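Have a look at model_38.pdb; it's PDB, C-alpha atoms:
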```pdb
ATOM      1  CA  MET A   1      21.703 -15.138 -14.622
ATOM      2  CA  ALA A   2      19.723 -18.305 -15.407
ATOM      3  CA  ALA A   3      16.684 -18.055 -17.643
ATOM      4  CA  VAL A   4      13.388 -17.573 -15.818
ATOM      5  CA  ARG A   5      10.622 -20.050 -16.538
ATOM      6  CA  PRO A   6       7.402 -18.525 -17.960
ATOM      7  CA  GLU A   7       5.415 -19.386 -14.827
ATOM      8  CA  LYS A   8       7.781 -17.174 -12.815
ATOM      9  CA  ILE A   9       7.413 -14.135 -15.088
ATOM     10  CA  ARG A  10       5.107 -11.230 -14.267
ATOM     11  CA  ASN A  11       4.476  -8.607 -16.952
ATOM     12  CA  VAL A  12       3.051  -5.641 -15.059
ATOM     13  CA  ALA A  13       1.805  -2.297 -16.383
ATOM     14  CA  LEU A  14       1.812   0.597 -13.918
ATOM     15  CA  VAL A  15      -0.884   2.974 -15.106
ATOM     16  CA  GLY A  16      -2.985   5.824 -13.761
ATOM     17  CA  HIS A  17      -3.373   9.582 -13.810
ATOM     18  CA  ALA A  18      -0.359  11.850 -14.090
ATOM     19  CA  GLY A  19       1.287  12.593 -10.764
ATOM     20  CA  ALA A  20      -0.047   9.526  -8.943
ATOM     21  CA  GLY A  21       3.505   8.270  -8.392
ATOM     22  CA  LYS A  22       3.979   5.517 -10.975
ATOM     23  CA  THR A  23       7.583   6.367 -11.815
ATOM     24  CA  SER A  24       8.455   6.757  -8.128
ATOM     25  CA  LEU A  25       6.845   3.381  -7.474
ATOM     26  CA  VAL A  26       9.018   1.737 -10.135
ATOM     27  CA  ASP A  27      12.101   3.206  -8.462
ATOM     28  CA  ALA A  28      10.872   2.030  -5.057
ATOM     29  CA  LEU A  29      10.371  -1.525  -6.347
ATOM     30  CA  LEU A  30      13.844  -1.536  -7.899
ATOM     31  CA  PHE A  31      15.363  -0.161  -4.697
ATOM     32  CA  THR A  32      13.530  -2.632  -2.466
ATOM     33  CA  ALA A  33      14.718  -5.532  -4.633
ATOM     34  CA  GLY A  34      18.319  -4.302  -4.504
ATOM     35  CA  ALA A  35      18.490  -3.510  -8.218
ATOM     36  CA  ILE A  36      19.516   0.103  -7.515
ATOM     37  CA  GLY A  37      21.455   1.566  -4.609
ATOM     38  CA  ARG A  38      19.271   4.568  -3.831
ATOM     39  CA  LEU A  39      15.805   5.907  -4.481
ATOM     40  CA  GLY A  40      15.606   8.352  -7.347
ATOM     41  CA  ARG A  41      13.392  11.425  -7.302
ATOM     42  CA  VAL A  42      11.252  12.650 -10.184
ATOM     43  CA  GLU A  43      11.903  16.240  -9.087
ATOM     44  CA  ASP A  44      15.664  15.703  -9.356
ATOM     45  CA  GLY A  45      15.527  13.812 -12.654
ATOM     46  CA  THR A  46      17.200  10.793 -11.069
ATOM     47  CA  THR A  47      14.598   8.059 -11.563
ATOM     48  CA  VAL A  48      15.409   5.003 -13.660
ATOM     49  CA  THR A  49      12.521   5.164 -16.133
ATOM     50  CA  ASP A  50      12.454   8.930 -16.752
ATOM     51  CA  PHE A  51      15.792   8.876 -18.566
ATOM     52  CA  GLU A  52      15.062  11.135 -21.532
ATOM     53  CA  PRO A  53      16.353  14.721 -21.109
ATOM     54  CA  GLU A  54      12.905  16.165 -21.853
ATOM     55  CA  GLU A  55      11.326  13.945 -19.177
ATOM     56  CA  GLN A  56      13.907  15.039 -16.629
ATOM     57  CA  LYS A  57      13.370  18.680 -17.570
ATOM     58  CA  ARG A  58       9.576  18.475 -17.298
ATOM     59  CA  CYS A  59       9.579  16.078 -14.317
ATOM     60  CA  GLN A  60       7.039  13.845 -16.023
ATOM     61  CA  SER A  61       6.957  10.660 -18.094
ATOM     62  CA  LEU A  62       6.443  11.206 -21.817
ATOM     63  CA  SER A  63       6.730   7.657 -23.143
ATOM     64  CA  LEU A  64       6.468   4.034 -22.085
ATOM     65  CA  SER A  65       9.560   2.759 -20.247
ATOM     66  CA  MET A  66      10.560  -0.711 -19.091
ATOM     67  CA  ALA A  67      12.462  -1.915 -16.031
ATOM     68  CA  PRO A  68      12.965  -5.589 -15.080
ATOM     69  CA  VAL A  69      13.390  -6.585 -11.446
ATOM     70  CA  HIS A  70      13.996  -9.957  -9.778
ATOM     71  CA  TRP A  71      12.040 -10.740  -6.627
ATOM     72  CA  LYS A  72      11.970 -14.027  -4.699
ATOM     73  CA  GLY A  73      12.595 -16.247  -7.698
ATOM     74  CA  HIS A  74      10.352 -14.259 -10.029
ATOM     75  CA  LYS A  75      11.122 -11.782 -12.774
ATOM     76  CA  ILE A  76       8.824  -8.764 -12.824
ATOM     77  CA  ASN A  77       8.866  -6.764 -16.048
ATOM     78  CA  LEU A  78       7.669  -3.307 -15.006
ATOM     79  CA  LEU A  79       6.045  -1.107 -17.654
ATOM     80  CA  ASP A  80       5.974   2.536 -16.547
ATOM     81  CA  ALA A  81       3.287   4.291 -18.607
ATOM     82  CA  PRO A  82       2.824   8.073 -18.821
ATOM     83  CA  GLY A  83      -0.312   9.433 -17.175
ATOM     84  CA  TYR A  84      -1.186  12.425 -19.321
ATOM     85  CA  ALA A  85      -4.014  12.074 -21.847
ATOM     86  CA  ASP A  86      -1.711  13.324 -24.623
ATOM     87  CA  PHE A  87       0.280  10.093 -24.274
ATOM     88  CA  GLU A  88      -2.643   7.758 -23.626
ATOM     89  CA  HIS A  89      -1.650   5.554 -26.556
ATOM     90  CA  GLU A  90       1.548   4.622 -24.690
ATOM     91  CA  ALA A  91      -0.490   3.465 -21.689
ATOM     92  CA  ILE A  92      -2.831   1.467 -23.915
ATOM     93  CA  VAL A  93       0.171  -0.327 -25.428
ATOM     94  CA  ALA A  94       1.305  -1.201 -21.898
ATOM     95  CA  LEU A  95      -2.124  -2.647 -21.091
ATOM     96  CA  ARG A  96      -2.141  -4.715 -24.270
ATOM     97  CA  ILE A  97       1.165  -6.443 -23.542
ATOM     98  CA  ALA A  98       0.814  -6.776 -19.754
ATOM     99  CA  ASP A  99      -0.634  -9.720 -17.864
ATOM    100  CA  LEU A 100      -1.523  -7.546 -14.861
ATOM    101  CA  ALA A 101      -2.272  -3.839 -14.495
ATOM    102  CA  VAL A 102      -1.396  -2.051 -11.263
ATOM    103  CA  PHE A 103      -3.436   1.144 -11.123
ATOM    104  CA  VAL A 104      -1.564   3.697  -9.042
ATOM    105  CA  VAL A 105      -3.937   6.116  -7.297
ATOM    106  CA  SER A 106      -2.945   9.084  -5.157
ATOM    107  CA  ALA A 107      -4.584   9.088  -1.719
ATOM    108  CA  VAL A 108      -4.548  12.900  -1.925
ATOM    109  CA  GLU A 109      -6.187  13.559  -5.303
ATOM    110  CA  GLY A 110      -8.112  10.283  -5.419
ATOM    111  CA  VAL A 111      -9.343   8.613  -8.597
ATOM    112  CA  GLU A 112      -8.830  10.998 -11.515
ATOM    113  CA  VAL A 113     -10.083  10.992 -15.077
ATOM    114  CA  GLN A 114      -7.193   9.197 -16.767
ATOM    115  CA  THR A 115      -7.460   6.360 -14.262
ATOM    116  CA  GLU A 116     -11.126   5.938 -15.184
ATOM    117  CA  ARG A 117     -10.359   5.969 -18.915
ATOM    118  CA  LEU A 118      -7.613   3.364 -18.639
ATOM    119  CA  TRP A 119      -9.718   1.178 -16.337
ATOM    120  CA  LYS A 120     -12.325   0.964 -19.106
ATOM    121  CA  VAL A 121      -9.634  -0.059 -21.593
ATOM    122  CA  ALA A 122      -8.357  -2.743 -19.206
ATOM    123  CA  ALA A 123     -11.916  -4.003 -18.701
ATOM    124  CA  GLU A 124     -12.413  -4.279 -22.472
ATOM    125  CA  LEU A 125      -9.233  -6.371 -22.592
ATOM    126  CA  SER A 126     -10.403  -8.504 -19.614
ATOM    127  CA  LEU A 127      -7.035  -7.688 -18.069
ATOM    128  CA  PRO A 128      -6.434  -8.597 -14.403
ATOM    129  CA  ARG A 129      -6.153  -5.467 -12.255
ATOM    130  CA  MET A 130      -5.105  -4.372  -8.792
ATOM    131  CA  VAL A 131      -4.794  -0.950  -7.162
ATOM    132  CA  PHE A 132      -1.931   0.608  -5.213
ATOM    133  CA  VAL A 133      -3.089   3.588  -3.137
ATOM    134  CA  ASN A 134      -0.009   5.799  -2.951
ATOM    135  CA  LYS A 135       1.090   8.921  -1.059
ATOM    136  CA  LEU A 136      -0.522   7.991   2.252
ATOM    137  CA  ASP A 137       2.216   9.952   4.029
ATOM    138  CA  ARG A 138       1.119  13.242   2.432
ATOM    139  CA  GLU A 139      -1.094  15.977   3.849
ATOM    140  CA  ARG A 140      -4.796  15.613   2.990
ATOM    141  CA  SER A 141      -4.353  11.946   2.107
ATOM    142  CA  SER A 142      -7.279   9.668   2.943
ATOM    143  CA  PHE A 143      -7.498   5.939   2.383
ATOM    144  CA  PRO A 144     -11.231   5.646   3.286
ATOM    145  CA  ARG A 145     -12.157   8.441   0.874
ATOM    146  CA  THR A 146     -10.083   6.892  -1.921
ATOM    147  CA  LEU A 147     -11.513   3.426  -1.258
ATOM    148  CA  ASP A 148     -15.067   4.807  -1.428
ATOM    149  CA  GLN A 149     -14.251   6.383  -4.799
ATOM    150  CA  LEU A 150     -12.819   3.115  -6.104
ATOM    151  CA  ARG A 151     -15.929   1.198  -5.059
ATOM    152  CA  GLU A 152     -18.271   3.808  -6.495
ATOM    153  CA  LEU A 153     -16.502   3.912  -9.858
ATOM    154  CA  PHE A 154     -15.326   0.322 -10.301
ATOM    155  CA  GLY A 155     -17.887  -1.755  -8.431
ATOM    156  CA  ALA A 156     -18.075  -4.517  -5.860
ATOM    157  CA  GLY A 157     -14.969  -6.295  -7.158
ATOM    158  CA  ILE A 158     -12.767  -3.777  -5.328
ATOM    159  CA  ALA A 159     -11.206  -5.758  -2.458
ATOM    160  CA  PRO A 160      -8.947  -4.006   0.088
ATOM    161  CA  LEU A 161      -6.261  -6.386   1.363
ATOM    162  CA  GLU A 162      -4.704  -3.805   3.689
ATOM    163  CA  LEU A 163      -5.533  -0.840   5.901
ATOM    164  CA  PRO A 164      -3.029   1.944   6.642
ATOM    165  CA  ILE A 165      -1.635   2.401  10.147
ATOM    166  CA  GLY A 166      -1.490   6.109  10.914
ATOM    167  CA  GLN A 167      -2.532   9.074   8.809
ATOM    168  CA  GLU A 168      -0.579  11.632   6.804
ATOM    169  CA  ALA A 169       2.779  12.291   8.531
ATOM    170  CA  GLU A 170       1.974   9.552  11.083
ATOM    171  CA  PHE A 171       1.548   6.880   8.411
ATOM    172  CA  CYS A 172       4.010   4.135   9.323
ATOM    173  CA  GLY A 173       2.698   0.805   8.085
ATOM    174  CA  ILE A 174      -0.213  -1.383   7.108
ATOM    175  CA  ALA A 175      -2.586  -3.921   8.627
ATOM    176  CA  ASP A 176      -2.838  -7.145   6.622
ATOM    177  CA  LEU A 177      -6.524  -8.102   6.491
ATOM    178  CA  LEU A 178      -5.880 -11.716   5.489
ATOM    179  CA  THR A 179      -3.480 -12.567   8.313
ATOM    180  CA  ASP A 180      -4.578  -9.978  10.929
ATOM    181  CA  THR A 181      -0.966  -8.805  11.198
ATOM    182  CA  ALA A 182       0.475  -5.303  11.470
ATOM    183  CA  TYR A 183       3.573  -4.329   9.478
ATOM    184  CA  ARG A 184       5.387  -1.219  10.689
ATOM    185  CA  TYR A 185       8.183   0.262   8.574
ATOM    186  CA  ALA A 186      11.390   2.114   9.321
ATOM    187  CA  GLY A 187      13.978   2.655   6.611
ATOM    188  CA  GLY A 188      12.072   0.379   4.257
ATOM    189  CA  GLN A 189      12.274  -2.573   6.679
ATOM    190  CA  ALA A 190       9.158  -4.037   8.272
ATOM    191  CA  THR A 191       8.571  -5.405  11.746
ATOM    192  CA  THR A 192       5.444  -7.435  12.442
ATOM    193  CA  GLY A 193       3.158  -7.172  15.425
ATOM    194  CA  GLU A 194      -0.400  -6.891  16.651
ATOM    195  CA  ILE A 195      -2.904  -4.616  14.962
ATOM    196  CA  PRO A 196      -3.456  -1.462  17.088
ATOM    197  CA  ASP A 197      -6.410  -1.685  19.464
ATOM    198  CA  HIS A 198      -8.177   1.318  17.954
ATOM    199  CA  MET A 199      -8.185  -0.412  14.540
ATOM    200  CA  GLU A 200      -9.441  -3.843  15.609
ATOM    201  CA  ALA A 201     -13.164  -3.247  15.120
ATOM    202  CA  LEU A 202     -12.680  -1.756  11.646
ATOM    203  CA  GLU A 203     -10.149  -4.430  10.719
ATOM    204  CA  HIS A 204     -12.518  -7.267  11.663
ATOM    205  CA  GLU A 205     -15.392  -5.674   9.747
ATOM    206  CA  VAL A 206     -13.349  -5.165   6.580
ATOM    207  CA  HIS A 207     -11.760  -8.620   6.996
ATOM    208  CA  ASP A 208     -15.165 -10.320   7.016
ATOM    209  CA  ASN A 209     -16.280  -8.377   3.949
ATOM    210  CA  LEU A 210     -13.020  -9.286   2.201
ATOM    211  CA  VAL A 211     -13.393 -13.017   2.896
ATOM    212  CA  GLU A 212     -16.963 -12.958   1.598
ATOM    213  CA  GLY A 213     -15.789 -11.208  -1.558
ATOM    214  CA  ILE A 214     -13.055 -13.795  -2.157
ATOM    215  CA  VAL A 215     -14.903 -17.067  -1.507
ATOM    216  CA  VAL A 216     -17.605 -16.304  -4.092
ATOM    217  CA  ALA A 217     -15.019 -17.285  -6.732
ATOM    218  CA  ASP A 218     -15.064 -20.896  -5.467
ATOM    219  CA  ASP A 219     -18.432 -22.614  -4.933
ATOM    220  CA  ALA A 220     -17.084 -25.282  -2.574
ATOM    221  CA  GLN A 221     -15.244 -22.702  -0.507
ATOM    222  CA  LEU A 222     -18.317 -20.472  -0.381
ATOM    223  CA  GLU A 223     -20.448 -23.361   0.871
ATOM    224  CA  ARG A 224     -17.919 -24.149   3.612
ATOM    225  CA  TYR A 225     -17.785 -20.500   4.635
ATOM    226  CA  LEU A 226     -21.583 -20.198   4.838
ATOM    227  CA  GLU A 227     -21.667 -23.323   7.006
ATOM    228  CA  GLY A 228     -19.329 -21.628   9.472
ATOM    229  CA  ASP A 229     -16.106 -23.360   8.473
ATOM    230  CA  VAL A 230     -12.893 -21.332   8.757
ATOM    231  CA  VAL A 231     -11.148 -20.891   5.408
ATOM    232  CA  SER A 232      -7.353 -20.818   5.774
ATOM    233  CA  VAL A 233      -5.222 -17.924   4.567
ATOM    234  CA  ALA A 234      -3.521 -20.190   2.006
ATOM    235  CA  GLU A 235      -6.906 -21.210   0.589
ATOM    236  CA  LEU A 236      -8.041 -17.591   0.440
ATOM    237  CA  GLU A 237      -4.867 -16.581  -1.400
ATOM    238  CA  ARG A 238      -5.375 -19.326  -3.990
ATOM    239  CA  THR A 239      -8.993 -18.330  -4.535
ATOM    240  CA  LEU A 240      -8.015 -14.666  -4.651
ATOM    241  CA  ALA A 241      -5.519 -15.431  -7.424
ATOM    242  CA  ILE A 242      -8.302 -17.143  -9.391
ATOM    243  CA  GLY A 243     -10.571 -14.127  -8.967
ATOM    244  CA  VAL A 244      -7.787 -11.789 -10.071
ATOM    245  CA  ASP A 245      -6.988 -13.881 -13.150
ATOM    246  CA  ARG A 246     -10.670 -13.860 -14.131
ATOM    247  CA  ALA A 247     -10.760 -10.058 -13.703
ATOM    248  CA  GLN A 248     -13.544 -10.455 -11.129
ATOM    249  CA  VAL A 249     -11.658  -9.355  -8.005
ATOM    250  CA  PHE A 250      -9.471  -6.242  -7.885
ATOM    251  CA  PRO A 251      -7.196  -6.210  -4.810
ATOM    252  CA  VAL A 252      -6.361  -2.865  -3.222
ATOM    253  CA  VAL A 253      -3.081  -2.411  -1.340
ATOM    254  CA  CYS A 254      -1.511   0.753  -0.011
ATOM    255  CA  GLY A 255       1.759   2.444   0.891
ATOM    256  CA  SER A 256       4.138   5.223  -0.021
ATOM    257  CA  ALA A 257       6.646   4.980  -2.858
ATOM    258  CA  THR A 258       8.812   7.912  -1.763
ATOM    259  CA  ALA A 259       8.839   6.824   1.898
ATOM    260  CA  ASP A 260       9.469   3.164   0.938
ATOM    261  CA  ILE A 261       6.543   1.876   2.983
ATOM    262  CA  ALA A 262       4.909  -1.460   2.044
ATOM    263  CA  ILE A 263       6.695  -1.683  -1.313
ATOM    264  CA  ASP A 264       7.958  -5.188  -0.533
ATOM    265  CA  ARG A 265       4.391  -6.311   0.061
ATOM    266  CA  LEU A 266       3.311  -4.987  -3.328
ATOM    267  CA  ALA A 267       6.092  -7.052  -4.927
ATOM    268  CA  ASP A 268       4.916 -10.082  -2.939
ATOM    269  CA  PHE A 269       1.327  -9.646  -4.088
ATOM    270  CA  ILE A 270       2.382  -9.256  -7.727
ATOM    271  CA  CYS A 271       4.262 -12.565  -7.537
ATOM    272  CA  GLU A 272       1.739 -14.462  -5.404
ATOM    273  CA  ILE A 273      -1.602 -13.480  -6.922
ATOM    274  CA  GLY A 274      -0.573 -11.917 -10.231
ATOM    275  CA  PRO A 275      -0.952 -14.116 -13.324
ATOM    276  CA  SER A 276       1.969 -15.382 -15.363
ATOM    277  CA  PRO A 277       1.864 -15.465 -19.179
ATOM    278  CA  LEU A 278       0.828 -19.127 -18.887
ATOM    279  CA  ASP A 279      -2.315 -18.142 -16.972
ATOM    280  CA  ARG A 280      -3.580 -15.776 -19.649
ATOM    281  CA  PRO A 281      -5.751 -16.740 -22.646
ATOM    282  CA  PRO A 282      -4.054 -17.438 -25.986
ATOM    283  CA  VAL A 283      -3.120 -14.385 -28.046
ATOM    284  CA  ASP A 284      -5.040 -14.237 -31.317
ATOM    285  CA  VAL A 285      -2.749 -13.745 -34.318
ATOM    286  CA  VAL A 286      -4.170 -13.162 -37.794
ATOM    287  CA  ALA A 287      -2.410 -15.027 -40.623
ATOM    288  CA  GLY A 288      -4.172 -14.266 -43.900
ATOM    289  CA  ASP A 289      -7.798 -15.298 -43.449
ATOM    290  CA  THR A 290      -7.005 -17.439 -40.413
ATOM    291  CA  THR A 291      -6.906 -16.442 -36.752
ATOM    292  CA  ILE A 292      -4.564 -18.543 -34.630
ATOM    293  CA  GLY A 293      -4.467 -18.663 -30.841
ATOM    294  CA  ILE A 294      -0.848 -18.483 -29.667
ATOM    295  CA  THR A 295       0.113 -19.913 -26.276
ATOM    296  CA  PRO A 296       3.490 -19.221 -24.576
ATOM    297  CA  ASP A 297       5.207 -22.518 -25.377
ATOM    298  CA  PRO A 298       9.029 -22.222 -24.971
ATOM    299  CA  THR A 299       9.562 -25.128 -27.388
ATOM    300  CA  ALA A 300       7.506 -23.659 -30.244
ATOM    301  CA  GLU A 301       8.718 -21.519 -33.128
ATOM    302  CA  PRO A 302       9.699 -18.031 -31.930
ATOM    303  CA  LEU A 303       6.967 -15.430 -32.274
ATOM    304  CA  ALA A 304       7.243 -11.929 -30.831
ATOM    305  CA  PHE A 305       5.257  -8.697 -30.821
ATOM    306  CA  VAL A 306       7.322  -5.527 -31.295
ATOM    307  CA  PHE A 307       5.550  -2.877 -29.233
ATOM    308  CA  LYS A 308       8.127  -0.091 -29.159
ATOM    309  CA  THR A 309      11.013   1.181 -31.267
ATOM    310  CA  ILE A 310      13.615   3.490 -29.752
ATOM    311  CA  ALA A 311      15.850   5.722 -31.862
ATOM    312  CA  ASP A 312      19.411   5.398 -30.602
ATOM    313  CA  PRO A 313      22.610   7.135 -31.823
ATOM    314  CA  TYR A 314      23.821   3.699 -32.918
ATOM    315  CA  GLY A 315      20.592   2.687 -34.654
ATOM    316  CA  GLN A 316      17.097   1.578 -33.755
ATOM    317  CA  ILE A 317      16.264  -0.615 -30.781
ATOM    318  CA  SER A 318      13.093  -2.682 -31.000
ATOM    319  CA  VAL A 319      11.447  -3.777 -27.762
ATOM    320  CA  MET A 320       9.280  -6.865 -28.010
ATOM    321  CA  LYS A 321       7.232  -9.309 -26.009
ATOM    322  CA  VAL A 322       7.963 -12.944 -26.803
ATOM    323  CA  LEU A 323       4.592 -14.613 -27.329
ATOM    324  CA  SER A 324       5.922 -18.112 -27.957
ATOM    325  CA  GLY A 325       9.185 -19.955 -28.460
ATOM    326  CA  THR A 326      12.599 -19.000 -27.120
ATOM    327  CA  ILE A 327      14.794 -16.157 -28.351
ATOM    328  CA  ARG A 328      18.471 -16.037 -27.408
ATOM    329  CA  ALA A 329      21.191 -13.456 -27.844
ATOM    330  CA  ASP A 330      22.498 -13.242 -31.427
ATOM    331  CA  ASP A 331      19.419 -14.985 -32.848
ATOM    332  CA  HIS A 332      18.353 -13.691 -36.275
ATOM    333  CA  LEU A 333      14.595 -13.337 -36.682
TER     334      LEU A 333
END
```
Starting from the coordinates I provided, produce the structure as structure tokens.
Amino acid sequence: MAAVRPEKIRNVALVGHAGAGKTSLVDALLFTAGAIGRLGRVEDGTTVTDFEPEEQKRCQSLSLSMAPVHWKGHKINLLDAPGYADFEHEAIVALRIADLAVFVVSAVEGVEVQTERLWKVAAELSLPRMVFVNKLDRERSSFPRTLDQLRELFGAGIAPLELPIGQEAEFCGIADLLTDTAYRYAGGQATTGEIPDHMEALEHEVHDNLVEGIVVADDAQLERYLEGDVVSVAELERTLAIGVDRAQVFPVVCGSATADIAIDRLADFICEIGPSPLDRPPVDVVAGDTTIGITPDPTAEPLAFVFKTIADPYGQISVMKVLSGTIRADDHL
């Protein structure tokens, strides 16, 4: 496969409290992109990123795992971080090397303590963030309740881009607030249509609030909006991406990983509004008494950060993020 240009790379950390569905979401993204032939189940020990015997036995992630996936010309490097506090250091490593954090929140349990702790870490790093509200097909799930919690804990930057269609077992799709389009899913495939009549009033109200929250990131766009001009969807998406990159706007999308509902849209959002390594500030590297800002230039001298070492029967495997330069197979560093 041809090399992917840096502007088409998305380094994404999936973080949140234990049991929110991060590992299942990784499998769903891989399945939706055609990288695997069937959805794995955490309960069966068949997911891609819970590959250690102890993880399969306990049905929980114990260490940081990686899974690359190609989607519409982009390469998404997924970092599946464990959610238990005992392994918080693994999640912090994921946040430090990612360019975007997707916080996975269960619509049943809501925002839990480890999500709050990791959000603070991401804020200290000025890391772009978005939220995926998962498990909307489960009993006692509630998107409005979860959204209220997100706003209360994380502030006015929380920006819902979607509303769920149906509740609990009746959950079948989402309403796109930017395009006023309904997406209904069957077998992981979406069909588009009109937003249900009973949702129109709520959809219009949330849509207006969303537009107001986006245009504040662009003074010219805000002035046009206040004068009554209609801002196009394409313009809103561009401004939204700016707000995300500045860690001022935190999009909220929703779906179900195990039911494969709206997973393709999450992948779209990651590629469309998520920052590439080129969009992020230079990485400060200390060399003696000097601090140097490193930018991801493919033509520069190779420089990489080793963030994980795996003990293998055949030796040690070091996993690294290339900060600058180009590294090829068989290169000696």
List every residue of stretch 247-329 of chain A that has an atom at most 10 Å from any atom of stretch 70-93 of chain A, giving for each one its closest atom pair and the distance in Å to one decimal, counting all atoms listed in the file, sorted by chain and then by ascending residue number, as a tab-separated table.
```
residue	atom	partner	partner_atom	distance
A:Asp264	CA	A:Trp71	CA	9.2
A:Ala267	CA	A:Trp71	CA	7.2
A:Asp268	CA	A:Trp71	CA	8.0
A:Ile270	CA	A:Ile76	CA	8.2
A:Cys271	CA	A:His74	CA	6.8
A:Glu272	CA	A:His74	CA	9.8
A:Ser276	CA	A:Ile76	CA	9.9
A:Phe307	CA	A:Val93	CA	7.1
A:Lys308	CA	A:Val93	CA	8.8
```
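Of the listed residues (A:Val283, A:Ala300, A:Ala259, A:Val206), A:Val283 comes nearest to A:Lys321; the distances count only C-alpha atoms.
Nearest to A:His332 of all the residues A:Lys57, A:Glu200, A:Ile195, A:Pro302 is A:Pro302, counting only C-alpha atoms.
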All file atoms of stretch 172-177 of chain A boxed axis-aligned, 5 Å per side, centre plus edges, as lines of an AutoDock Vina configuration file:
```
center_x = -1.3
center_y = -2.0
center_z = 7.9
size_x = 20.5
size_y = 22.2
size_z = 12.8
```
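Relative to atom CA of A:Arg265, atom CA of A:Asn209 is found at 21.1 Å.
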Would you translate the PyMOL selection byres ((chain A and resi 141-150) around 9) into the concrete set of residues it matches in this file, as a PDB file with C-alpha atoms, in the coordinates of the input?
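Result went into expr19.pdb, see below:
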```pdb
ATOM      1  CA  VAL A 105      -3.937   6.116  -7.297  1.00  0.00           C
ATOM      2  CA  SER A 106      -2.945   9.084  -5.157  1.00  0.00           C
ATOM      3  CA  ALA A 107      -4.584   9.088  -1.719  1.00  0.00           C
ATOM      4  CA  VAL A 108      -4.548  12.900  -1.925  1.00  0.00           C
ATOM      5  CA  GLU A 109      -6.187  13.559  -5.303  1.00  0.00           C
ATOM      6  CA  GLY A 110      -8.112  10.283  -5.419  1.00  0.00           C
ATOM      7  CA  VAL A 111      -9.343   8.613  -8.597  1.00  0.00           C
ATOM      8  CA  VAL A 133      -3.089   3.588  -3.137  1.00  0.00           C
ATOM      9  CA  LYS A 135       1.090   8.921  -1.059  1.00  0.00           C
ATOM     10  CA  LEU A 136      -0.522   7.991   2.252  1.00  0.00           C
ATOM     11  CA  ASP A 137       2.216   9.952   4.029  1.00  0.00           C
ATOM     12  CA  ARG A 138       1.119  13.242   2.432  1.00  0.00           C
ATOM     13  CA  GLU A 139      -1.094  15.977   3.849  1.00  0.00           C
ATOM     14  CA  ARG A 140      -4.796  15.613   2.990  1.00  0.00           C
ATOM     15  CA  ARG A 151     -15.929   1.198  -5.059  1.00  0.00           C
ATOM     16  CA  GLU A 152     -18.271   3.808  -6.495  1.00  0.00           C
ATOM     17  CA  LEU A 153     -16.502   3.912  -9.858  1.00  0.00           C
ATOM     18  CA  PHE A 154     -15.326   0.322 -10.301  1.00  0.00           C
ATOM     19  CA  GLY A 155     -17.887  -1.755  -8.431  1.00  0.00           C
ATOM     20  CA  ILE A 158     -12.767  -3.777  -5.328  1.00  0.00           C
ATOM     21  CA  PRO A 160      -8.947  -4.006   0.088  1.00  0.00           C
ATOM     22  CA  LEU A 163      -5.533  -0.840   5.901  1.00  0.00           C
ATOM     23  CA  PRO A 164      -3.029   1.944   6.642  1.00  0.00           C
ATOM     24  CA  GLN A 167      -2.532   9.074   8.809  1.00  0.00           C
ATOM     25  CA  GLU A 168      -0.579  11.632   6.804  1.00  0.00           C
ATOM     26  CA  VAL A 252      -6.361  -2.865  -3.222  1.00  0.00           C
ATOM     27  CA  CYS A 254      -1.511   0.753  -0.011  1.00  0.00           C
TER      28      CYS A 254
END
```
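The nearest approach to A:Ile294 among the residues A:Leu266, A:Glu162, A:Leu323, A:Leu278, with only C-alpha atoms taken into account, belongs to A:Leu323.
In this structure, atom CA of A:Gly173 sits 10.5 Å away from atom CA of A:Ile263.
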**Asked** Could you pull the residues within 10 Å of A:Ile327, counting all atoms listed in the file, minus those fewer than 5 positions along the same chain, as a VMD selection string?
**Response** chain A and resid 298 301 to 304 322 332 to 333
Quick check on the file I pasted: which residues fall under the PyMOL selection byres ((chain A and resi 94-102) around 7)? Write them as a compact mmCIF listing (two decimals) with C-alpha atoms, in the coordinates of the input.
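Wrote it out as result.txt, contents follow:
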```
# COMPACT_ATOMS: atom_id res chain seq x y z
CA ARG A 10 5.11 -11.23 -14.27
CA ASN A 11 4.48 -8.61 -16.95
CA VAL A 12 3.05 -5.64 -15.06
CA ALA A 13 1.80 -2.30 -16.38
CA LEU A 14 1.81 0.60 -13.92
CA VAL A 15 -0.88 2.97 -15.11
CA LEU A 79 6.04 -1.11 -17.65
CA ALA A 81 3.29 4.29 -18.61
CA GLU A 90 1.55 4.62 -24.69
CA ALA A 91 -0.49 3.46 -21.69
CA ILE A 92 -2.83 1.47 -23.92
CA VAL A 93 0.17 -0.33 -25.43
CA PHE A 103 -3.44 1.14 -11.12
CA VAL A 104 -1.56 3.70 -9.04
CA ALA A 122 -8.36 -2.74 -19.21
CA LEU A 127 -7.04 -7.69 -18.07
CA PRO A 128 -6.43 -8.60 -14.40
CA ARG A 129 -6.15 -5.47 -12.26
CA MET A 130 -5.11 -4.37 -8.79
CA VAL A 131 -4.79 -0.95 -7.16
CA PHE A 132 -1.93 0.61 -5.21
CA GLY A 274 -0.57 -11.92 -10.23
CA PRO A 275 -0.95 -14.12 -13.32
CA SER A 276 1.97 -15.38 -15.36
CA PRO A 277 1.86 -15.46 -19.18
CA ARG A 280 -3.58 -15.78 -19.65
```
**Message:** If we count all atoms listed in the file and set the cut-off at 12 Å, which residues sit around A:Glu52, ignoring sequence neighbours fewer than 6 positions away in its own chain? Please answer as a PyMOL selection string.
**Reply:** chain A and resi 45-46+58-65+310-312
**Selection dump of the PyMOL selection byres ((chain A and resi 175-189) around 9), as a VMD selection string** = chain A and resid 32 160 to 165 172 to 174 190 to 196 199 203 to 204 206 to 208 210 to 211 233 236 to 237 259 to 264
